[in-house]
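Text of target_8.txt, listed as compact mmCIF, C-alpha atoms:
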# COMPACT_ATOMS: atom_id res chain seq x y z
CA MET A 208 -5.67 56.06 3.83
CA VAL A 209 -5.09 58.74 1.24
CA ASP A 210 -2.92 61.53 2.64
CA THR A 211 -3.91 65.17 2.22
CA PRO A 212 -1.68 68.26 2.39
CA ASP A 213 -3.06 69.34 5.78
CA THR A 214 -2.70 65.95 7.48
CA LEU A 215 -0.80 66.27 10.76
CA LEU A 216 -1.15 62.94 12.56
CA GLU A 217 -1.99 59.71 10.76
CA GLY A 218 -2.38 56.17 12.00
CA ASP A 219 -2.94 53.81 9.09
CA ARG A 220 -4.45 50.32 9.58
CA LEU A 221 -2.98 49.91 13.04
CA SER A 222 -3.24 46.50 14.69
CA ARG A 223 -1.86 45.19 17.96
CA ARG A 224 -1.78 41.60 19.10
CA PHE A 225 -0.82 40.23 22.51
CA GLY A 226 -0.08 36.59 21.81
CA GLY A 227 -3.29 35.20 20.38
CA VAL A 228 -5.39 38.15 21.55
CA VAL A 229 -6.15 40.91 19.03
CA ALA A 230 -6.55 44.12 21.04
CA LEU A 231 -6.83 46.42 18.00
CA GLN A 232 -7.52 45.56 14.37
CA ASP A 233 -7.05 47.80 11.29
CA TYR A 234 -7.63 51.06 13.18
CA SER A 235 -7.08 54.22 11.13
CA VAL A 236 -7.21 57.89 12.08
CA LYS A 237 -6.19 61.05 10.27
CA LEU A 238 -6.07 64.44 11.98
CA SER A 239 -5.41 67.95 10.77
CA LYS A 240 -4.10 70.90 12.78
CA GLY A 241 -6.68 72.06 15.29
CA ASP A 242 -8.84 68.92 15.24
CA LEU A 243 -10.53 67.81 18.48
CA LEU A 244 -11.30 64.09 18.44
CA GLY A 245 -12.99 61.97 21.08
CA LEU A 246 -12.23 58.23 21.17
CA ILE A 247 -14.85 56.21 23.02
CA GLY A 248 -16.06 52.64 23.41
CA PRO A 249 -17.10 50.07 26.02
CA ASN A 250 -14.56 48.57 28.43
CA GLY A 251 -12.04 46.46 26.54
CA ALA A 252 -12.82 48.15 23.23
CA GLY A 253 -9.17 48.92 22.44
CA LYS A 254 -9.09 52.62 23.31
CA THR A 255 -6.05 52.49 25.56
CA THR A 256 -4.23 50.28 23.08
CA ALA A 257 -4.88 52.82 20.31
CA PHE A 258 -3.57 55.60 22.57
CA ASN A 259 -0.47 53.62 23.46
CA LEU A 260 0.28 53.06 19.77
CA LEU A 261 -0.24 56.72 18.84
CA SER A 262 2.09 57.86 21.64
CA GLY A 263 4.79 55.23 21.04
CA VAL A 264 4.28 53.44 24.35
CA LEU A 265 3.62 50.28 22.33
CA PRO A 266 4.76 49.43 18.79
CA PRO A 267 2.04 48.27 16.40
CA SER A 268 1.98 44.67 15.24
CA SER A 269 1.14 46.09 11.82
CA GLY A 270 0.28 49.44 10.30
CA SER A 271 2.06 52.79 10.41
CA ILE A 272 2.11 56.08 12.34
CA SER A 273 3.33 59.41 10.99
CA LEU A 274 3.41 63.01 12.16
CA ASP A 275 3.52 65.67 9.48
CA GLY A 276 4.88 63.10 7.04
CA ARG A 277 7.58 61.78 9.39
CA ASN A 278 7.32 58.03 9.89
CA LEU A 279 7.40 57.22 13.62
CA THR A 280 6.39 53.56 13.38
CA GLY A 281 8.30 51.50 15.94
CA SER A 282 10.13 54.50 17.42
CA GLN A 283 10.64 54.90 21.16
CA PRO A 284 8.24 57.14 23.17
CA GLU A 285 10.88 59.85 23.48
CA ALA A 286 11.03 60.09 19.67
CA PHE A 287 7.27 60.63 19.60
CA ALA A 288 7.61 63.33 22.26
CA GLU A 289 10.48 65.02 20.41
CA ALA A 290 8.44 64.98 17.21
CA GLY A 291 5.58 66.76 18.97
CA ILE A 292 3.20 64.16 20.44
CA ALA A 293 2.51 64.50 24.18
CA ARG A 294 0.10 62.61 26.40
CA SER A 295 -1.37 62.35 29.86
CA PHE A 296 -2.05 59.02 31.55
CA GLN A 297 -5.11 57.39 33.05
CA ASN A 298 -3.20 57.09 36.34
CA ILE A 299 -1.63 60.41 37.31
CA ARG A 300 2.17 60.35 36.99
CA LEU A 301 3.40 63.52 38.68
CA PHE A 302 6.63 64.09 40.62
CA LYS A 303 4.65 64.37 43.85
CA ASP A 304 7.52 65.60 46.05
CA LEU A 305 8.30 68.49 43.69
CA SER A 306 6.38 71.75 43.58
CA ALA A 307 3.71 72.30 40.97
CA TRP A 308 5.85 74.68 38.92
CA GLU A 309 8.81 72.27 39.04
CA ASN A 310 6.59 69.55 37.55
CA VAL A 311 5.70 71.85 34.67
CA ALA A 312 9.31 72.95 34.25
CA ALA A 313 10.28 69.29 33.83
CA GLY A 314 8.32 69.36 30.57
CA TYR A 315 10.18 72.45 29.37
CA HIS A 316 13.54 70.81 30.06
CA MET A 317 13.02 68.51 27.08
CA ARG A 318 13.40 71.41 24.64
CA HIS A 319 14.91 74.28 26.63
CA GLY A 320 17.13 72.79 29.34
CA ALA A 321 20.65 74.17 29.69
CA GLY A 322 22.22 70.70 29.61
CA TRP A 323 23.33 68.41 32.42
CA LEU A 324 26.88 69.76 32.76
CA SER A 325 25.82 73.41 33.00
CA THR A 326 23.13 72.48 35.50
CA ILE A 327 25.46 70.43 37.72
CA LEU A 328 28.06 73.21 37.75
CA ALA A 329 25.37 75.87 38.30
CA LEU A 330 26.78 77.99 35.48
CA PRO A 331 25.18 81.40 34.81
CA GLY A 332 23.53 80.08 31.66
CA ALA A 333 21.89 77.28 33.62
CA ARG A 334 20.61 79.68 36.29
CA ALA A 335 19.17 81.98 33.63
CA SER A 336 17.56 79.01 31.92
CA GLU A 337 15.93 77.93 35.20
CA ARG A 338 14.52 81.44 35.72
CA ARG A 339 13.03 81.48 32.22
CA MET A 340 11.49 78.05 32.72
CA ARG A 341 9.93 79.09 36.03
CA GLU A 342 8.41 82.12 34.31
CA LYS A 343 7.06 79.99 31.47
CA ALA A 344 5.78 77.34 33.91
CA CYS A 345 3.95 79.94 35.98
CA ALA A 346 2.37 81.45 32.87
CA LEU A 347 1.20 78.03 31.72
CA MET A 348 -0.21 77.23 35.16
CA GLU A 349 -2.21 80.43 34.98
CA THR A 350 -3.60 79.30 31.61
CA VAL A 351 -4.90 76.06 33.14
CA GLY A 352 -6.28 77.76 36.24
CA LEU A 353 -3.57 76.83 38.74
CA ALA A 354 -2.00 80.22 39.40
CA ASP A 355 -2.65 79.91 43.15
CA PHE A 356 -0.79 76.59 43.42
CA ILE A 357 2.58 77.42 41.86
CA ASP A 358 4.73 76.63 44.91
CA GLN A 359 2.55 73.89 46.40
CA ARG A 360 3.85 70.34 46.63
CA ALA A 361 2.22 68.47 43.77
CA GLY A 362 1.23 65.51 45.96
CA ASP A 363 -0.69 67.81 48.32
CA MET A 364 -2.87 69.35 45.61
CA PRO A 365 -6.53 68.34 45.24
CA TYR A 366 -7.10 65.47 42.82
CA GLY A 367 -8.72 67.61 40.13
CA HIS A 368 -5.84 70.07 40.27
CA GLN A 369 -3.34 67.24 39.92
CA ARG A 370 -5.12 66.25 36.70
CA LYS A 371 -4.77 69.80 35.41
CA LEU A 372 -1.12 69.91 36.47
CA GLU A 373 -0.33 66.76 34.50
CA ILE A 374 -1.91 68.34 31.42
CA ALA A 375 0.12 71.52 32.01
CA ARG A 376 3.31 69.45 32.16
CA ALA A 377 2.40 67.78 28.87
CA LEU A 378 1.74 71.21 27.33
CA ALA A 379 5.18 72.36 28.50
CA THR A 380 6.79 69.98 26.01
CA GLU A 381 5.29 72.27 23.33
CA PRO A 382 3.41 69.50 21.51
CA ARG A 383 1.65 69.67 18.19
CA VAL A 384 -0.69 66.87 19.22
CA LEU A 385 -1.92 66.30 22.78
CA LEU A 386 -3.42 62.94 23.77
CA LEU A 387 -5.51 62.94 26.95
CA ASP A 388 -6.22 59.54 28.50
CA GLU A 389 -9.45 59.74 30.54
CA PRO A 390 -8.73 63.25 31.88
CA ALA A 391 -12.04 63.41 33.81
CA ALA A 392 -11.58 60.06 35.58
CA GLY A 393 -12.32 60.34 39.30
CA MET A 394 -13.55 63.93 39.10
CA ASN A 395 -16.79 65.24 40.55
CA ALA A 396 -19.28 67.22 38.46
CA THR A 397 -17.76 70.60 39.31
CA GLU A 398 -14.21 69.47 38.55
CA THR A 399 -15.37 67.87 35.28
CA GLU A 400 -17.01 71.11 34.15
CA GLU A 401 -13.87 73.09 34.99
CA LEU A 402 -11.76 70.58 33.06
CA LYS A 403 -14.03 70.83 30.03
CA LYS A 404 -13.65 74.61 30.01
CA MET A 405 -9.87 74.29 30.37
CA ILE A 406 -9.59 71.88 27.44
CA ALA A 407 -11.69 74.21 25.29
CA VAL A 408 -9.38 77.11 26.19
CA ILE A 409 -6.12 75.32 25.40
CA HIS A 410 -7.62 73.95 22.17
CA GLU A 411 -8.64 77.40 20.95
CA ASP A 412 -5.85 79.55 22.40
CA LEU A 413 -2.94 77.23 21.60
CA GLY A 414 -4.35 75.85 18.33
CA LEU A 415 -3.51 72.31 19.40
CA THR A 416 -4.71 69.09 17.86
CA LEU A 417 -6.34 67.14 20.67
CA VAL A 418 -7.40 63.51 21.06
CA LEU A 419 -9.10 62.32 24.22
CA VAL A 420 -10.24 58.96 25.51
CA GLU A 421 -13.02 59.30 28.03
CA HIS A 422 -15.76 57.18 29.59
CA ASP A 423 -17.96 60.20 30.32
CA MET A 424 -20.10 60.22 27.18
CA ARG A 425 -21.68 63.61 27.81
CA PHE A 426 -18.24 65.10 28.38
CA VAL A 427 -17.07 63.85 24.97
CA MET A 428 -20.23 64.66 23.06
CA SER A 429 -20.39 68.23 24.37
CA LEU A 430 -16.71 68.99 23.75
CA CYS A 431 -15.52 67.13 20.66
CA ARG A 432 -16.26 68.01 17.07
CA ARG A 433 -15.57 64.47 15.91
CA VAL A 434 -15.97 61.15 17.64
CA GLN A 435 -14.66 57.68 16.88
CA VAL A 436 -16.11 54.57 18.49
CA LEU A 437 -14.18 51.34 19.04
CA ASN A 438 -15.72 48.02 19.97
CA ARG A 439 -13.82 44.76 20.42
CA GLY A 440 -10.76 46.31 18.82
CA GLU A 441 -12.50 47.54 15.68
CA LEU A 442 -13.61 51.00 14.59
CA ILE A 443 -17.41 50.94 14.27
CA ALA A 444 -18.23 54.66 13.87
CA ASP A 445 -16.47 57.90 12.92
CA GLY A 446 -18.31 61.21 12.57
CA THR A 447 -19.93 64.10 14.40
CA PRO A 448 -21.42 63.44 17.83
CA GLU A 449 -24.89 63.49 16.27
CA GLU A 450 -23.92 61.01 13.57
CA VAL A 451 -22.27 58.68 16.04
CA GLN A 452 -25.21 58.71 18.45
CA ALA A 453 -27.54 57.76 15.61
CA THR A 454 -25.42 54.78 14.53
CA PRO A 455 -27.15 51.47 15.37
CA ALA A 456 -23.86 49.63 15.87
CA VAL A 457 -22.91 52.12 18.59
CA ALA A 458 -26.18 51.69 20.44
CA GLU A 459 -25.78 47.93 20.23
CA ALA A 460 -22.19 48.08 21.52
CA TYR A 461 -23.19 50.14 24.57
CA LEU A 462 -26.73 49.03 25.30
CA GLY A 463 -27.28 45.69 23.60
CA LYS A 464 -29.22 44.93 20.46
CA GLY A 465 -32.54 46.68 20.12
CA ARG A 466 -32.07 48.95 23.17
CA GLY A 467 -32.38 52.30 21.39
CA LYS A 468 -30.57 54.55 19.02
CA LYS A 469 -28.77 57.00 21.31
CA VAL A 470 -26.08 56.40 23.88
CA ALA A 471 -25.86 59.85 25.49

Have the structure of the file written as structure tokens, please.
Amino acid sequence: MVDTPDTLLEGDRLSRRFGGVVALQDYSVKLSKGDLLGLIGPNGAGKTTAFNLLSGVLPPSSGSISLDGRNLTGSQPEAFAEAGIARSFQNIRLFKDLSAWENVAAGYHMRHGAGWLSTILALPGARASERRMREKACALMETVGLADFIDQRAGDMPYGHQRKLEIARALATEPRVLLLDEPAAGMNATETEELKKMIAVIHEDLGLTLVLVEHDMRFVMSLCRRVQVLNRGELIADGTPEEVQATPAVAEAYLGKGRGKKVA
């Protein structure tokens, strides 16, 4: 892919093989600041593999990944996070015995923690740092609509709120790119609508670049400005929601050959 001055995140001809199985083949994506991309496809299309490559959970078998010109190919997940790429997971991974605000503060610790020695010794600097992180965590929880759950045990929160809390924790790492892996999974219609509004708010207010994988087609098509479609590990469409829905290969991938032109 030809780089442009405003390119933020780029994955170039990414492939991933598991033994003799090709899970992703020559996948490319290029995102600028403020982009909102939906990544969709049938089960087994390679969506999760693409996400795992872009977040450093898996190294690519071939291809490259860069953020703002910095080559991250083959780096550990913590290097991706430090560079500014955060993600949520399909299966919620909260610290369920901690309070909601403590979960969010855990994200802030990556960049603003006082250090392990100061924390263990409870030095004044560490105590001041903890107060600032609580304030920042509470403010962020208000942004995502969880102001009434600040001190609640994370594991006792309703499922939809736990989803929001995980996103808030990812936001606390102060990312430049946020990857959301099926954020609406398991939600009812009301929770899904609330989540869609929340994502729109953080996208606009924080100016983040967002990428989301989601099975809910209407959710993606109504929220994202650009959509990519994977099928059997290959990219088969890339464009606006209207362009993607009108692509015959997409209809065939979802519905079978000759079953119509639109998938949502």

Which residues, written as a ChimeraX atom specification, have at least one atom at most 9 Å from Leu305 (chain A), with all atoms listed in the file counted and residues fewer than 6 positions away on the same chain left out?
/A:358-362

Restricting the calculation to all atoms listed in the file, which member of A:Ile247, A:Ile272, A:Val236, A:Ile292 is positioned closest to Val427 (chain A)?
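Answer, going by the shortest atom-to-atom distance: A:Ile247.
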
Pick the closest to Val228 (chain A) from A:Ser282, A:Ser268, A:Thr454, A:Asn310: which is it, counting all atoms listed in the file?
A:Ser268

Mind pulling up the distance from CA of Leu353 (chain A) to CA of Leu372 (chain A)?
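Going from CA of Leu372 (chain A) over to CA of Leu353 (chain A) covers 7.7 Å.
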
Just the residues within 8 Å of Val351 (chain A), please, counting only C-alpha atoms, with nothing from its chain fewer than 4 positions along; format it as a ChimeraX atom specification.
/A:347,371-372,375,405,409

Closest to Lys237 (chain A) among A:Val311, A:Ala354, A:Ile299, A:Val418, using all atoms listed in the file?
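With all atoms listed in the file as the atom set, the closest residue is A:Val418.
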
Quote the spacing between CA of Phe302 (chain A) and CA of Glu373 (chain A) in Å to one decimal place.
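Atom-to-atom, CA of Phe302 (chain A) to CA of Glu373 (chain A), that is 9.6 Å.
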
Using only C-alpha atoms, which residue out of A:Ala313, A:Met424, A:Leu260, A:Ala307 lies closest to Gly218 (chain A)?
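For Gly218 (chain A), the nearest of the given residues is A:Leu260.
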
Compare A:Gly281, A:Pro448, A:Gly276, A:Gly367 by their minimum atom-to-atom distance to Arg433 (chain A), counting all atoms listed in the file, and give me the closest one.
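For Arg433 (chain A), the nearest of the given residues is A:Pro448.
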
Neighbouring residues of Val384 (chain A) were defined as those with any atom within 9 Å, considering all atoms listed in the file; residues of the same chain fewer than 4 positions away were excluded. Please report them as JSON, numbers by chain.
{"A": [215, 216, 240, 241, 291, 292, 293, 294, 415, 416, 417, 418]}

Export C-alpha atoms of the chosen residues as a tab-separated table (two decimals), in the coordinates of the input?
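Okay, this is what ended up in part_36.tsv:
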chain	number	residue	atom	x	y	z
A	215	LEU	CA	-0.80	66.27	10.76
A	216	LEU	CA	-1.15	62.94	12.56
A	240	LYS	CA	-4.10	70.90	12.78
A	241	GLY	CA	-6.68	72.06	15.29
A	291	GLY	CA	5.58	66.76	18.97
A	292	ILE	CA	3.20	64.16	20.44
A	293	ALA	CA	2.51	64.50	24.18
A	294	ARG	CA	0.10	62.61	26.40
A	415	LEU	CA	-3.51	72.31	19.40
A	416	THR	CA	-4.71	69.09	17.86
A	417	LEU	CA	-6.34	67.14	20.67
A	418	VAL	CA	-7.40	63.51	21.06

For region 344-370 of chain A, supply N, CA and C atoms and format the output as a CSV table (one decimal), keeping the file's coordinate frame.
chain,number,residue,atom,x,y,z
A,344,ALA,N,6.6,78.3,33.2
A,344,ALA,CA,5.8,77.3,33.9
A,344,ALA,C,4.7,78.1,34.6
A,345,CYS,N,5.0,79.2,35.2
A,345,CYS,CA,4.0,79.9,36.0
A,345,CYS,C,2.9,80.5,35.0
A,346,ALA,N,3.3,80.9,33.9
A,346,ALA,CA,2.4,81.4,32.9
A,346,ALA,C,1.4,80.3,32.4
A,347,LEU,N,2.0,79.1,32.2
A,347,LEU,CA,1.2,78.0,31.7
A,347,LEU,C,0.2,77.6,32.8
A,348,MET,N,0.7,77.6,34.1
A,348,MET,CA,-0.2,77.2,35.2
A,348,MET,C,-1.4,78.2,35.3
A,349,GLU,N,-1.1,79.5,35.0
A,349,GLU,CA,-2.2,80.4,35.0
A,349,GLU,C,-3.2,80.1,33.9
A,350,THR,N,-2.7,79.7,32.7
A,350,THR,CA,-3.6,79.3,31.6
A,350,THR,C,-4.5,78.2,32.0
A,351,VAL,N,-4.1,77.2,32.8
A,351,VAL,CA,-4.9,76.1,33.1
A,351,VAL,C,-5.6,76.3,34.5
A,352,GLY,N,-5.5,77.5,35.0
A,352,GLY,CA,-6.3,77.8,36.2
A,352,GLY,C,-5.6,77.3,37.5
A,353,LEU,N,-4.3,77.3,37.5
A,353,LEU,CA,-3.6,76.8,38.7
A,353,LEU,C,-2.6,77.9,39.3
A,354,ALA,N,-2.9,79.1,39.0
A,354,ALA,CA,-2.0,80.2,39.4
A,354,ALA,C,-1.8,80.3,40.9
A,355,ASP,N,-2.8,79.8,41.7
A,355,ASP,CA,-2.6,79.9,43.2
A,355,ASP,C,-1.9,78.7,43.8
A,356,PHE,N,-1.4,77.8,42.9
A,356,PHE,CA,-0.8,76.6,43.4
A,356,PHE,C,0.6,76.4,42.9
A,357,ILE,N,1.3,77.5,42.5
A,357,ILE,CA,2.6,77.4,41.9
A,357,ILE,C,3.6,76.8,42.7
A,358,ASP,N,3.7,77.1,44.0
A,358,ASP,CA,4.7,76.6,44.9
A,358,ASP,C,4.3,75.5,45.8
A,359,GLN,N,3.1,75.0,45.6
A,359,GLN,CA,2.6,73.9,46.4
A,359,GLN,C,3.1,72.6,46.0
A,360,ARG,N,3.4,71.7,46.9
A,360,ARG,CA,3.8,70.3,46.6
A,360,ARG,C,2.8,69.6,45.8
A,361,ALA,N,3.2,69.1,44.7
A,361,ALA,CA,2.2,68.5,43.8
A,361,ALA,C,1.4,67.4,44.4
A,362,GLY,N,2.0,66.6,45.3
A,362,GLY,CA,1.2,65.5,46.0
A,362,GLY,C,0.2,66.0,46.9
A,363,ASP,N,0.3,67.3,47.4
A,363,ASP,CA,-0.7,67.8,48.3
A,363,ASP,C,-1.8,68.5,47.6
A,364,MET,N,-1.8,68.6,46.3
A,364,MET,CA,-2.9,69.4,45.6
A,364,MET,C,-4.1,68.5,45.5
A,365,PRO,N,-5.3,69.1,45.4
A,365,PRO,CA,-6.5,68.3,45.2
A,365,PRO,C,-6.4,67.5,44.0
A,366,TYR,N,-7.2,66.4,43.9
A,366,TYR,CA,-7.1,65.5,42.8
A,366,TYR,C,-7.4,66.1,41.5
A,367,GLY,N,-8.4,66.9,41.4
A,367,GLY,CA,-8.7,67.6,40.1
A,367,GLY,C,-7.6,68.5,39.7
A,368,HIS,N,-7.0,69.2,40.6
A,368,HIS,CA,-5.8,70.1,40.3
A,368,HIS,C,-4.6,69.3,39.8
A,369,GLN,N,-4.4,68.1,40.4
A,369,GLN,CA,-3.3,67.2,39.9
A,369,GLN,C,-3.6,66.8,38.5
A,370,ARG,N,-4.8,66.6,38.1
A,370,ARG,CA,-5.1,66.2,36.7
A,370,ARG,C,-4.7,67.4,35.8
